[in-house]
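Source file: work.cif; contents: mmCIF, N, CA, C and O atoms.
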```cif
data_final
loop_
_atom_site.label_atom_id
_atom_site.label_comp_id
_atom_site.auth_asym_id
_atom_site.auth_seq_id
_atom_site.Cartn_x
_atom_site.Cartn_y
_atom_site.Cartn_z
N MET O 1014 102.25 -112.31 75.93
CA MET O 1014 101.09 -111.47 76.24
C MET O 1014 99.96 -112.32 76.79
O MET O 1014 99.28 -111.91 77.73
N LYS O 1015 99.78 -113.50 76.20
CA LYS O 1015 98.70 -114.39 76.63
C LYS O 1015 98.92 -114.82 78.07
O LYS O 1015 97.97 -114.87 78.87
N ASN O 1016 100.18 -115.12 78.43
CA ASN O 1016 100.48 -115.51 79.81
C ASN O 1016 100.17 -114.37 80.78
O ASN O 1016 99.67 -114.60 81.88
N ARG O 1017 100.50 -113.17 80.38
CA ARG O 1017 100.24 -112.01 81.23
C ARG O 1017 98.75 -111.83 81.46
O ARG O 1017 98.32 -111.52 82.57
N ILE O 1018 97.94 -112.03 80.42
CA ILE O 1018 96.49 -111.93 80.54
C ILE O 1018 95.95 -113.02 81.46
O ILE O 1018 95.09 -112.77 82.31
N LEU O 1019 96.49 -114.23 81.34
CA LEU O 1019 96.07 -115.33 82.21
C LEU O 1019 96.42 -115.03 83.68
O LEU O 1019 95.63 -115.30 84.59
N GLN O 1020 97.61 -114.47 83.90
CA GLN O 1020 98.00 -114.11 85.27
C GLN O 1020 97.08 -113.03 85.83
O GLN O 1020 96.68 -113.09 87.00
N LEU O 1021 96.72 -112.08 85.00
CA LEU O 1021 95.81 -111.01 85.43
C LEU O 1021 94.44 -111.58 85.76
O LEU O 1021 93.83 -111.21 86.77
N GLU O 1022 93.95 -112.51 84.95
CA GLU O 1022 92.65 -113.13 85.22
C GLU O 1022 92.69 -113.92 86.53
O GLU O 1022 91.75 -113.84 87.34
N GLU O 1023 93.76 -114.64 86.78
CA GLU O 1023 93.90 -115.39 88.03
C GLU O 1023 93.91 -114.46 89.23
O GLU O 1023 93.29 -114.73 90.26
N PHE O 1024 94.61 -113.34 89.07
CA PHE O 1024 94.66 -112.37 90.16
C PHE O 1024 93.27 -111.80 90.44
O PHE O 1024 92.85 -111.69 91.59
N ILE O 1025 92.56 -111.44 89.39
CA ILE O 1025 91.22 -110.86 89.55
C ILE O 1025 90.28 -111.86 90.21
O ILE O 1025 89.49 -111.50 91.09
N ILE O 1026 90.39 -113.12 89.83
CA ILE O 1026 89.54 -114.15 90.43
C ILE O 1026 89.88 -114.34 91.91
O ILE O 1026 89.00 -114.60 92.74
N SER O 1027 91.15 -114.17 92.28
CA SER O 1027 91.57 -114.41 93.67
C SER O 1027 91.32 -113.22 94.59
O SER O 1027 91.52 -113.32 95.79
N ILE O 1028 90.87 -112.09 94.08
CA ILE O 1028 90.67 -110.89 94.90
C ILE O 1028 89.71 -111.13 96.06
O ILE O 1028 90.02 -110.74 97.20
N PRO O 1029 88.55 -111.76 95.88
CA PRO O 1029 87.67 -111.97 97.05
C PRO O 1029 88.36 -112.76 98.16
O PRO O 1029 88.20 -112.45 99.34
N ASN O 1030 89.15 -113.76 97.80
CA ASN O 1030 89.87 -114.53 98.83
C ASN O 1030 90.92 -113.67 99.53
O ASN O 1030 91.10 -113.76 100.74
N LYS O 1031 91.60 -112.83 98.78
CA LYS O 1031 92.62 -111.96 99.36
C LYS O 1031 91.98 -110.93 100.30
O LYS O 1031 92.53 -110.64 101.36
N ILE O 1032 90.82 -110.43 99.92
CA ILE O 1032 90.11 -109.48 100.78
C ILE O 1032 89.68 -110.16 102.07
O ILE O 1032 89.81 -109.61 103.17
N ARG O 1033 89.18 -111.39 101.96
CA ARG O 1033 88.76 -112.14 103.15
C ARG O 1033 89.96 -112.39 104.07
O ARG O 1033 89.87 -112.19 105.28
N GLU O 1034 91.08 -112.79 103.51
CA GLU O 1034 92.28 -113.03 104.30
C GLU O 1034 92.75 -111.74 104.97
O GLU O 1034 93.16 -111.74 106.14
N LEU O 1035 92.70 -110.65 104.25
CA LEU O 1035 93.08 -109.34 104.80
C LEU O 1035 92.18 -108.96 105.97
O LEU O 1035 92.65 -108.49 107.01
N CYS O 1036 90.88 -109.18 105.82
CA CYS O 1036 89.93 -108.86 106.89
C CYS O 1036 90.18 -109.73 108.12
O CYS O 1036 90.13 -109.23 109.25
N ILE O 1037 90.47 -111.00 107.91
CA ILE O 1037 90.74 -111.89 109.04
C ILE O 1037 92.00 -111.44 109.77
O ILE O 1037 92.03 -111.38 111.01
N ASP O 1038 93.04 -111.08 109.03
CA ASP O 1038 94.26 -110.57 109.66
C ASP O 1038 94.00 -109.28 110.42
O ASP O 1038 94.51 -109.09 111.53
N LEU O 1039 93.19 -108.41 109.85
CA LEU O 1039 92.87 -107.14 110.50
C LEU O 1039 92.11 -107.37 111.81
O LEU O 1039 92.40 -106.73 112.82
N ILE O 1040 91.18 -108.28 111.81
CA ILE O 1040 90.41 -108.60 113.02
C ILE O 1040 91.33 -109.16 114.10
O ILE O 1040 91.23 -108.78 115.27
N LYS O 1041 92.25 -110.03 113.72
CA LYS O 1041 93.20 -110.59 114.68
C LYS O 1041 94.05 -109.49 115.29
O LYS O 1041 94.30 -109.48 116.50
N GLN O 1042 94.50 -108.56 114.47
CA GLN O 1042 95.30 -107.45 114.98
C GLN O 1042 94.50 -106.56 115.92
O GLN O 1042 95.03 -106.07 116.93
N CYS O 1043 93.22 -106.36 115.63
CA CYS O 1043 92.37 -105.56 116.51
C CYS O 1043 92.23 -106.22 117.87
O CYS O 1043 92.30 -105.55 118.91
N TYR O 1044 92.04 -107.54 117.90
CA TYR O 1044 91.94 -108.25 119.18
C TYR O 1044 93.25 -108.13 119.97
O TYR O 1044 93.23 -107.99 121.19
N THR O 1045 94.37 -108.18 119.28
CA THR O 1045 95.66 -108.03 119.95
C THR O 1045 95.78 -106.66 120.58
O THR O 1045 96.18 -106.52 121.74
N VAL O 1046 95.41 -105.62 119.85
CA VAL O 1046 95.49 -104.25 120.37
C VAL O 1046 94.53 -104.08 121.55
O VAL O 1046 94.90 -103.48 122.57
N ILE O 1047 93.32 -104.60 121.44
CA ILE O 1047 92.35 -104.48 122.53
C ILE O 1047 92.88 -105.15 123.79
O ILE O 1047 92.75 -104.62 124.89
N GLY O 1048 93.49 -106.31 123.63
CA GLY O 1048 94.07 -107.00 124.77
C GLY O 1048 95.15 -106.20 125.45
O GLY O 1048 95.24 -106.14 126.68
N LYS O 1049 95.99 -105.54 124.66
CA LYS O 1049 97.06 -104.73 125.23
C LYS O 1049 96.52 -103.47 125.89
O LYS O 1049 97.06 -103.01 126.89
N LEU O 1050 95.45 -102.89 125.35
CA LEU O 1050 94.89 -101.67 125.92
C LEU O 1050 94.25 -101.91 127.28
O LEU O 1050 94.21 -101.01 128.11
N LYS O 1051 93.74 -103.12 127.50
CA LYS O 1051 93.11 -103.42 128.80
C LYS O 1051 94.11 -103.28 129.94
O LYS O 1051 93.76 -102.84 131.02
N ASP O 1052 95.35 -103.66 129.70
CA ASP O 1052 96.36 -103.62 130.75
C ASP O 1052 97.11 -102.29 130.80
O ASP O 1052 97.93 -102.09 131.68
N LEU O 1053 96.84 -101.41 129.87
CA LEU O 1053 97.63 -100.19 129.75
C LEU O 1053 97.51 -99.28 130.97
O LEU O 1053 98.50 -98.73 131.44
N SER O 1054 96.31 -99.12 131.50
CA SER O 1054 96.16 -98.23 132.66
C SER O 1054 96.85 -98.81 133.88
O SER O 1054 97.53 -98.08 134.62
N GLN O 1055 96.73 -100.11 134.12
CA GLN O 1055 97.39 -100.73 135.27
C GLN O 1055 98.90 -100.69 135.12
O GLN O 1055 99.62 -100.42 136.08
N THR O 1056 99.38 -100.91 133.92
CA THR O 1056 100.82 -100.86 133.67
C THR O 1056 101.37 -99.47 133.95
O THR O 1056 102.42 -99.32 134.60
N ASN O 1057 100.68 -98.44 133.49
CA ASN O 1057 101.14 -97.07 133.73
C ASN O 1057 101.04 -96.70 135.20
O ASN O 1057 101.89 -95.96 135.71
N TYR O 1058 100.03 -97.21 135.90
CA TYR O 1058 99.93 -96.97 137.34
C TYR O 1058 101.14 -97.57 138.04
O TYR O 1058 101.79 -96.91 138.87
N ASN O 1059 101.46 -98.81 137.70
CA ASN O 1059 102.62 -99.48 138.31
C ASN O 1059 103.92 -98.74 138.00
O ASN O 1059 104.79 -98.62 138.86
N LEU O 1060 104.04 -98.25 136.78
CA LEU O 1060 105.24 -97.48 136.42
C LEU O 1060 105.30 -96.17 137.19
O LEU O 1060 106.39 -95.71 137.57
N GLY O 1061 104.15 -95.56 137.44
CA GLY O 1061 104.11 -94.34 138.24
C GLY O 1061 104.63 -94.59 139.65
O GLY O 1061 105.43 -93.81 140.17
N ILE O 1062 104.19 -95.69 140.25
CA ILE O 1062 104.67 -96.06 141.60
C ILE O 1062 106.18 -96.30 141.56
O ILE O 1062 106.91 -95.86 142.44
N PHE O 1063 106.64 -97.00 140.53
CA PHE O 1063 108.06 -97.26 140.38
C PHE O 1063 108.85 -95.96 140.32
O PHE O 1063 109.89 -95.81 140.98
N HIS O 1064 108.37 -95.00 139.53
CA HIS O 1064 109.09 -93.73 139.38
C HIS O 1064 109.07 -92.92 140.68
O HIS O 1064 110.06 -92.24 140.98
N ILE O 1065 107.99 -92.98 141.44
CA ILE O 1065 107.97 -92.29 142.74
C ILE O 1065 109.05 -92.89 143.64
O ILE O 1065 109.81 -92.17 144.28
N ASP O 1066 109.11 -94.23 143.67
CA ASP O 1066 110.11 -94.89 144.52
C ASP O 1066 111.53 -94.55 144.11
O ASP O 1066 112.42 -94.47 144.96
N LYS O 1067 111.75 -94.31 142.83
CA LYS O 1067 113.09 -93.96 142.34
C LYS O 1067 113.37 -92.46 142.42
O LYS O 1067 114.48 -92.03 142.14
N GLY O 1068 112.35 -91.67 142.76
CA GLY O 1068 112.53 -90.23 142.87
C GLY O 1068 112.36 -89.48 141.56
O GLY O 1068 112.65 -88.29 141.48
N ASN O 1069 111.85 -90.16 140.54
CA ASN O 1069 111.60 -89.51 139.23
C ASN O 1069 110.19 -88.94 139.22
O ASN O 1069 109.27 -89.51 138.63
N ILE O 1070 110.02 -87.82 139.86
CA ILE O 1070 108.68 -87.27 140.09
C ILE O 1070 108.02 -86.85 138.77
O ILE O 1070 106.83 -87.09 138.57
N ASN O 1071 108.76 -86.24 137.86
CA ASN O 1071 108.15 -85.82 136.59
C ASN O 1071 107.67 -87.02 135.78
O ASN O 1071 106.60 -86.97 135.17
N ASP O 1072 108.45 -88.10 135.78
CA ASP O 1072 108.01 -89.31 135.08
C ASP O 1072 106.77 -89.91 135.75
O ASP O 1072 105.86 -90.38 135.08
N ALA O 1073 106.76 -89.88 137.07
CA ALA O 1073 105.61 -90.41 137.80
C ALA O 1073 104.35 -89.60 137.49
O ALA O 1073 103.28 -90.16 137.27
N LYS O 1074 104.49 -88.27 137.46
CA LYS O 1074 103.33 -87.42 137.13
C LYS O 1074 102.76 -87.77 135.76
O LYS O 1074 101.55 -87.88 135.60
N MET O 1075 103.67 -87.94 134.80
CA MET O 1075 103.22 -88.26 133.45
C MET O 1075 102.46 -89.58 133.43
O MET O 1075 101.41 -89.70 132.82
N ARG O 1076 102.98 -90.58 134.15
CA ARG O 1076 102.30 -91.89 134.19
C ARG O 1076 100.94 -91.80 134.86
O ARG O 1076 99.97 -92.39 134.38
N PHE O 1077 100.83 -91.06 135.95
CA PHE O 1077 99.55 -90.95 136.64
C PHE O 1077 98.54 -90.14 135.83
O PHE O 1077 97.35 -90.48 135.81
N ARG O 1078 99.00 -89.11 135.15
CA ARG O 1078 98.09 -88.35 134.27
C ARG O 1078 97.54 -89.25 133.17
O ARG O 1078 96.35 -89.20 132.84
N PHE O 1079 98.43 -90.05 132.60
CA PHE O 1079 98.02 -90.97 131.53
C PHE O 1079 97.03 -92.00 132.07
O PHE O 1079 96.02 -92.30 131.44
N THR O 1080 97.31 -92.52 133.25
CA THR O 1080 96.41 -93.50 133.88
C THR O 1080 95.03 -92.89 134.13
O THR O 1080 94.01 -93.52 133.89
N ILE O 1081 95.01 -91.66 134.58
CA ILE O 1081 93.74 -90.97 134.87
C ILE O 1081 92.95 -90.76 133.58
O ILE O 1081 91.73 -90.92 133.55
N LYS O 1082 93.64 -90.43 132.49
CA LYS O 1082 92.94 -90.26 131.21
C LYS O 1082 92.35 -91.59 130.73
O LYS O 1082 91.26 -91.62 130.18
N LEU O 1083 93.08 -92.68 130.93
CA LEU O 1083 92.59 -93.98 130.49
C LEU O 1083 91.47 -94.51 131.37
O LEU O 1083 90.52 -95.10 130.89
N ASN O 1084 91.63 -94.31 132.68
CA ASN O 1084 90.67 -94.87 133.62
C ASN O 1084 90.55 -93.95 134.83
O ASN O 1084 91.22 -94.15 135.84
N PRO O 1085 89.67 -92.93 134.75
CA PRO O 1085 89.56 -91.95 135.84
C PRO O 1085 89.02 -92.53 137.15
O PRO O 1085 89.10 -91.88 138.18
N GLU O 1086 88.50 -93.75 137.11
CA GLU O 1086 87.93 -94.34 138.33
C GLU O 1086 88.99 -94.85 139.30
O GLU O 1086 88.68 -95.17 140.44
N ILE O 1087 90.23 -94.94 138.86
CA ILE O 1087 91.29 -95.42 139.75
C ILE O 1087 91.66 -94.27 140.69
O ILE O 1087 92.43 -93.38 140.35
N ALA O 1088 91.09 -94.30 141.89
CA ALA O 1088 91.26 -93.19 142.84
C ALA O 1088 92.71 -93.05 143.28
O ALA O 1088 93.19 -91.93 143.51
N LEU O 1089 93.43 -94.15 143.37
CA LEU O 1089 94.82 -94.07 143.83
C LEU O 1089 95.70 -93.30 142.84
O LEU O 1089 96.71 -92.71 143.24
N SER O 1090 95.33 -93.28 141.59
CA SER O 1090 96.09 -92.50 140.60
C SER O 1090 96.01 -91.01 140.93
O SER O 1090 97.00 -90.29 140.85
N HIS O 1091 94.80 -90.56 141.29
CA HIS O 1091 94.61 -89.16 141.68
C HIS O 1091 95.42 -88.85 142.94
O HIS O 1091 96.06 -87.80 143.04
N TYR O 1092 95.38 -89.77 143.88
CA TYR O 1092 96.10 -89.60 145.15
C TYR O 1092 97.60 -89.47 144.89
O TYR O 1092 98.26 -88.56 145.40
N HIS O 1093 98.15 -90.38 144.11
CA HIS O 1093 99.59 -90.38 143.87
C HIS O 1093 100.02 -89.18 143.01
O HIS O 1093 101.12 -88.65 143.20
N LEU O 1094 99.16 -88.75 142.10
CA LEU O 1094 99.47 -87.54 141.34
C LEU O 1094 99.54 -86.34 142.28
O LEU O 1094 100.45 -85.51 142.18
N ALA O 1095 98.62 -86.27 143.24
CA ALA O 1095 98.66 -85.19 144.23
C ALA O 1095 99.93 -85.27 145.07
O ALA O 1095 100.55 -84.24 145.36
N ARG O 1096 100.34 -86.47 145.43
CA ARG O 1096 101.61 -86.64 146.17
C ARG O 1096 102.78 -86.08 145.37
O ARG O 1096 103.66 -85.43 145.92
N CYS O 1097 102.78 -86.37 144.07
CA CYS O 1097 103.86 -85.86 143.21
C CYS O 1097 103.90 -84.34 143.21
O CYS O 1097 104.97 -83.73 143.27
N HIS O 1098 102.71 -83.75 143.16
CA HIS O 1098 102.66 -82.28 143.18
C HIS O 1098 103.16 -81.74 144.53
O HIS O 1098 103.83 -80.70 144.57
N ILE O 1099 102.85 -82.43 145.59
CA ILE O 1099 103.34 -82.01 146.91
C ILE O 1099 104.86 -82.12 146.97
O ILE O 1099 105.53 -81.23 147.50
N PHE O 1100 105.41 -83.20 146.42
CA PHE O 1100 106.87 -83.34 146.37
C PHE O 1100 107.52 -82.17 145.65
O PHE O 1100 108.61 -81.73 145.99
N ASP O 1101 106.85 -81.65 144.62
CA ASP O 1101 107.37 -80.52 143.85
C ASP O 1101 106.90 -79.17 144.41
O ASP O 1101 107.07 -78.13 143.77
N LEU O 1102 106.28 -79.20 145.58
CA LEU O 1102 105.78 -77.99 146.26
C LEU O 1102 104.74 -77.24 145.41
O LEU O 1102 104.64 -76.02 145.47
N GLU O 1103 103.95 -77.97 144.68
CA GLU O 1103 102.85 -77.40 143.86
C GLU O 1103 101.53 -77.68 144.60
O GLU O 1103 100.73 -78.52 144.19
N PHE O 1104 101.31 -76.97 145.66
CA PHE O 1104 100.18 -77.26 146.54
C PHE O 1104 98.83 -76.99 145.90
O PHE O 1104 97.87 -77.71 146.14
N ASP O 1105 98.75 -75.95 145.07
CA ASP O 1105 97.48 -75.66 144.39
C ASP O 1105 97.09 -76.79 143.42
O ASP O 1105 95.93 -77.19 143.36
N LYS O 1106 98.08 -77.30 142.70
CA LYS O 1106 97.80 -78.42 141.80
C LYS O 1106 97.44 -79.67 142.59
O LYS O 1106 96.61 -80.47 142.16
N ALA O 1107 98.05 -79.85 143.74
CA ALA O 1107 97.76 -81.02 144.56
C ALA O 1107 96.32 -80.99 145.07
O ALA O 1107 95.66 -82.03 145.15
N LYS O 1108 95.81 -79.79 145.38
CA LYS O 1108 94.42 -79.68 145.86
C LYS O 1108 93.42 -80.09 144.78
O LYS O 1108 92.39 -80.64 145.08
N GLN O 1109 93.77 -79.76 143.53
CA GLN O 1109 92.86 -80.11 142.42
C GLN O 1109 92.77 -81.61 142.30
O GLN O 1109 91.79 -82.18 141.97
#
```

Let me see the file written as structure tokens.
Amino acid sequence: MKNRILQLEEFIISIPNKIRELCIDLIKQCYTVIGKLKDLSQTNYNLGIFHIDKGNINDAKMRFRFTIKLNPEIALSHYHLARCHIFDLEFDKAKQ
């Protein structure tokens, strides 16, 4: 019983260090995610172009819609999404 109490006391004393280590790990993971999110819109744009070249129009539309949601300033995403709608003979959607 005495050993168990000593182990519990050691654990309680080490909690601030464990919380600090947990916070440091969490911050590192956040930086990793932020780094990956920066490239996400460009990656999806490139995948959209790839799918157009392969004739996978529905996949290309999905990629361009996602790119537009992430970064609406990329004008070529809007252009290529309109192209996809034209390929599918959806002229009203292409005008939008």

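For the pair atom O of Arg1078 in chain O and atom N of Ser1090 in chain O, the separation is 9.7 Å.
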
> Quick one: which residues end up in the PyMOL selection byres ((chain O and resi 1080) around 8) for this structure, as a list in words?
Replying inline: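 Selected by the PyMOL selection byres ((chain O and resi 1080) around 8) here: Leu1053, Ser1054, Gln1055, Thr1056, Asn1057, Tyr1058, Ala1073, Lys1074, Met1075, Arg1076, Phe1077, Arg1078, Phe1079, Ile1081, Lys1082, Leu1083, Asn1084, Pro1085, Glu1086, Ile1087, Ser1090 and His1091 of chain O.
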
>> To test your reading of the syntax: which residues would the PyMOL selection byres (((chain O and resi 1065 and name CA) around 12) and name CA) return for the file shown? Reply as a VMD selection string.
In response: chain O and resid 1058 to 1064 1066 to 1077 1093 to 1098 1100 to 1101

>> As an exercise, work out the distance from atom O of Leu1019 in chain O to atom C of Glu1034 in chain O in Å and give it to one decimal place.
In response: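 These atoms are spaced 20.9 Å apart.
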
> What is the distance between atom O of Lys1106 in chain O and CA of Ala1088 in chain O, in Å to one decimal?
Replying inline: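 According to the coordinates, atom O of Lys1106 in chain O and CA of Ala1088 in chain O are separated by 13.8 Å.
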
Output range 1068-1079 of chain O as an mmCIF file, keeping the file's coordinate frame, making sure all heavy atoms are there.
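Output file result.cif follows:
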```
data_model
loop_
_atom_site.group_PDB
_atom_site.id
_atom_site.type_symbol
_atom_site.label_atom_id
_atom_site.label_comp_id
_atom_site.auth_asym_id
_atom_site.auth_seq_id
_atom_site.Cartn_x
_atom_site.Cartn_y
_atom_site.Cartn_z
ATOM 1 N N GLY O 1068 112.350 -91.670 142.760
ATOM 2 C CA GLY O 1068 112.530 -90.230 142.870
ATOM 3 C C GLY O 1068 112.360 -89.480 141.560
ATOM 4 O O GLY O 1068 112.650 -88.290 141.480
ATOM 5 N N ASN O 1069 111.850 -90.160 140.540
ATOM 6 C CA ASN O 1069 111.600 -89.510 139.230
ATOM 7 C C ASN O 1069 110.190 -88.940 139.220
ATOM 8 O O ASN O 1069 109.270 -89.510 138.630
ATOM 9 C CB ASN O 1069 111.769 -90.523 138.089
ATOM 10 C CG ASN O 1069 113.113 -91.188 138.091
ATOM 11 O OD1 ASN O 1069 114.100 -90.582 138.468
ATOM 12 N ND2 ASN O 1069 113.161 -92.439 137.675
ATOM 13 N N ILE O 1070 110.020 -87.820 139.860
ATOM 14 C CA ILE O 1070 108.680 -87.270 140.090
ATOM 15 C C ILE O 1070 108.020 -86.850 138.770
ATOM 16 O O ILE O 1070 106.830 -87.090 138.570
ATOM 17 C CB ILE O 1070 108.743 -86.087 141.084
ATOM 18 C CG1 ILE O 1070 109.341 -86.558 142.418
ATOM 19 C CG2 ILE O 1070 107.364 -85.490 141.299
ATOM 20 C CD1 ILE O 1070 108.631 -87.732 143.056
ATOM 21 N N ASN O 1071 108.760 -86.240 137.860
ATOM 22 C CA ASN O 1071 108.150 -85.820 136.590
ATOM 23 C C ASN O 1071 107.670 -87.020 135.780
ATOM 24 O O ASN O 1071 106.600 -86.970 135.170
ATOM 25 C CB ASN O 1071 109.140 -84.995 135.764
ATOM 26 C CG ASN O 1071 109.345 -83.614 136.341
ATOM 27 O OD1 ASN O 1071 108.446 -83.078 136.978
ATOM 28 N ND2 ASN O 1071 110.508 -83.050 136.135
ATOM 29 N N ASP O 1072 108.450 -88.100 135.780
ATOM 30 C CA ASP O 1072 108.010 -89.310 135.080
ATOM 31 C C ASP O 1072 106.770 -89.910 135.750
ATOM 32 O O ASP O 1072 105.860 -90.380 135.080
ATOM 33 C CB ASP O 1072 109.134 -90.347 135.036
ATOM 34 C CG ASP O 1072 110.287 -89.929 134.144
ATOM 35 O OD1 ASP O 1072 110.051 -89.146 133.197
ATOM 36 O OD2 ASP O 1072 111.417 -90.370 134.395
ATOM 37 N N ALA O 1073 106.760 -89.880 137.070
ATOM 38 C CA ALA O 1073 105.610 -90.410 137.800
ATOM 39 C C ALA O 1073 104.350 -89.600 137.490
ATOM 40 O O ALA O 1073 103.280 -90.160 137.270
ATOM 41 C CB ALA O 1073 105.893 -90.393 139.299
ATOM 42 N N LYS O 1074 104.490 -88.270 137.460
ATOM 43 C CA LYS O 1074 103.330 -87.420 137.130
ATOM 44 C C LYS O 1074 102.760 -87.770 135.760
ATOM 45 O O LYS O 1074 101.550 -87.880 135.600
ATOM 46 C CB LYS O 1074 103.748 -85.939 137.115
ATOM 47 C CG LYS O 1074 103.918 -85.296 138.437
ATOM 48 C CD LYS O 1074 104.208 -83.814 138.182
ATOM 49 C CE LYS O 1074 104.859 -83.138 139.306
ATOM 50 N NZ LYS O 1074 105.187 -81.739 139.023
ATOM 51 N N MET O 1075 103.670 -87.940 134.800
ATOM 52 C CA MET O 1075 103.220 -88.260 133.450
ATOM 53 C C MET O 1075 102.460 -89.580 133.430
ATOM 54 O O MET O 1075 101.410 -89.700 132.820
ATOM 55 C CB MET O 1075 104.446 -88.343 132.509
ATOM 56 C CG MET O 1075 104.105 -88.508 131.056
ATOM 57 S SD MET O 1075 104.394 -90.131 130.316
ATOM 58 C CE MET O 1075 105.858 -90.746 131.029
ATOM 59 N N ARG O 1076 102.980 -90.580 134.150
ATOM 60 C CA ARG O 1076 102.300 -91.890 134.190
ATOM 61 C C ARG O 1076 100.940 -91.800 134.860
ATOM 62 O O ARG O 1076 99.970 -92.390 134.380
ATOM 63 C CB ARG O 1076 103.178 -92.910 134.930
ATOM 64 C CG ARG O 1076 104.461 -93.231 134.236
ATOM 65 C CD ARG O 1076 104.209 -93.889 132.917
ATOM 66 N NE ARG O 1076 105.477 -94.136 132.233
ATOM 67 C CZ ARG O 1076 105.570 -94.786 131.104
ATOM 68 N NH1 ARG O 1076 104.503 -95.251 130.511
ATOM 69 N NH2 ARG O 1076 106.732 -94.966 130.538
ATOM 70 N N PHE O 1077 100.830 -91.060 135.950
ATOM 71 C CA PHE O 1077 99.550 -90.950 136.640
ATOM 72 C C PHE O 1077 98.540 -90.140 135.830
ATOM 73 O O PHE O 1077 97.350 -90.480 135.810
ATOM 74 C CB PHE O 1077 99.728 -90.364 138.044
ATOM 75 C CG PHE O 1077 100.439 -91.305 138.979
ATOM 76 C CD1 PHE O 1077 101.569 -90.917 139.660
ATOM 77 C CD2 PHE O 1077 99.977 -92.605 139.155
ATOM 78 C CE1 PHE O 1077 102.229 -91.783 140.507
ATOM 79 C CE2 PHE O 1077 100.627 -93.488 140.007
ATOM 80 C CZ PHE O 1077 101.756 -93.077 140.676
ATOM 81 N N ARG O 1078 99.000 -89.110 135.150
ATOM 82 C CA ARG O 1078 98.090 -88.350 134.270
ATOM 83 C C ARG O 1078 97.540 -89.250 133.170
ATOM 84 O O ARG O 1078 96.350 -89.200 132.840
ATOM 85 C CB ARG O 1078 98.800 -87.149 133.656
ATOM 86 C CG ARG O 1078 99.002 -86.015 134.603
ATOM 87 C CD ARG O 1078 99.580 -84.797 133.894
ATOM 88 N NE ARG O 1078 100.006 -83.805 134.855
ATOM 89 C CZ ARG O 1078 101.252 -83.394 135.016
ATOM 90 N NH1 ARG O 1078 102.207 -83.852 134.242
ATOM 91 N NH2 ARG O 1078 101.541 -82.500 135.923
ATOM 92 N N PHE O 1079 98.430 -90.050 132.600
ATOM 93 C CA PHE O 1079 98.020 -90.970 131.530
ATOM 94 C C PHE O 1079 97.030 -92.000 132.070
ATOM 95 O O PHE O 1079 96.020 -92.300 131.440
ATOM 96 C CB PHE O 1079 99.253 -91.641 130.930
ATOM 97 C CG PHE O 1079 98.970 -92.402 129.671
ATOM 98 C CD1 PHE O 1079 98.533 -91.747 128.532
ATOM 99 C CD2 PHE O 1079 99.147 -93.774 129.621
ATOM 100 C CE1 PHE O 1079 98.269 -92.450 127.362
ATOM 101 C CE2 PHE O 1079 98.886 -94.478 128.458
ATOM 102 C CZ PHE O 1079 98.450 -93.817 127.325
#
```
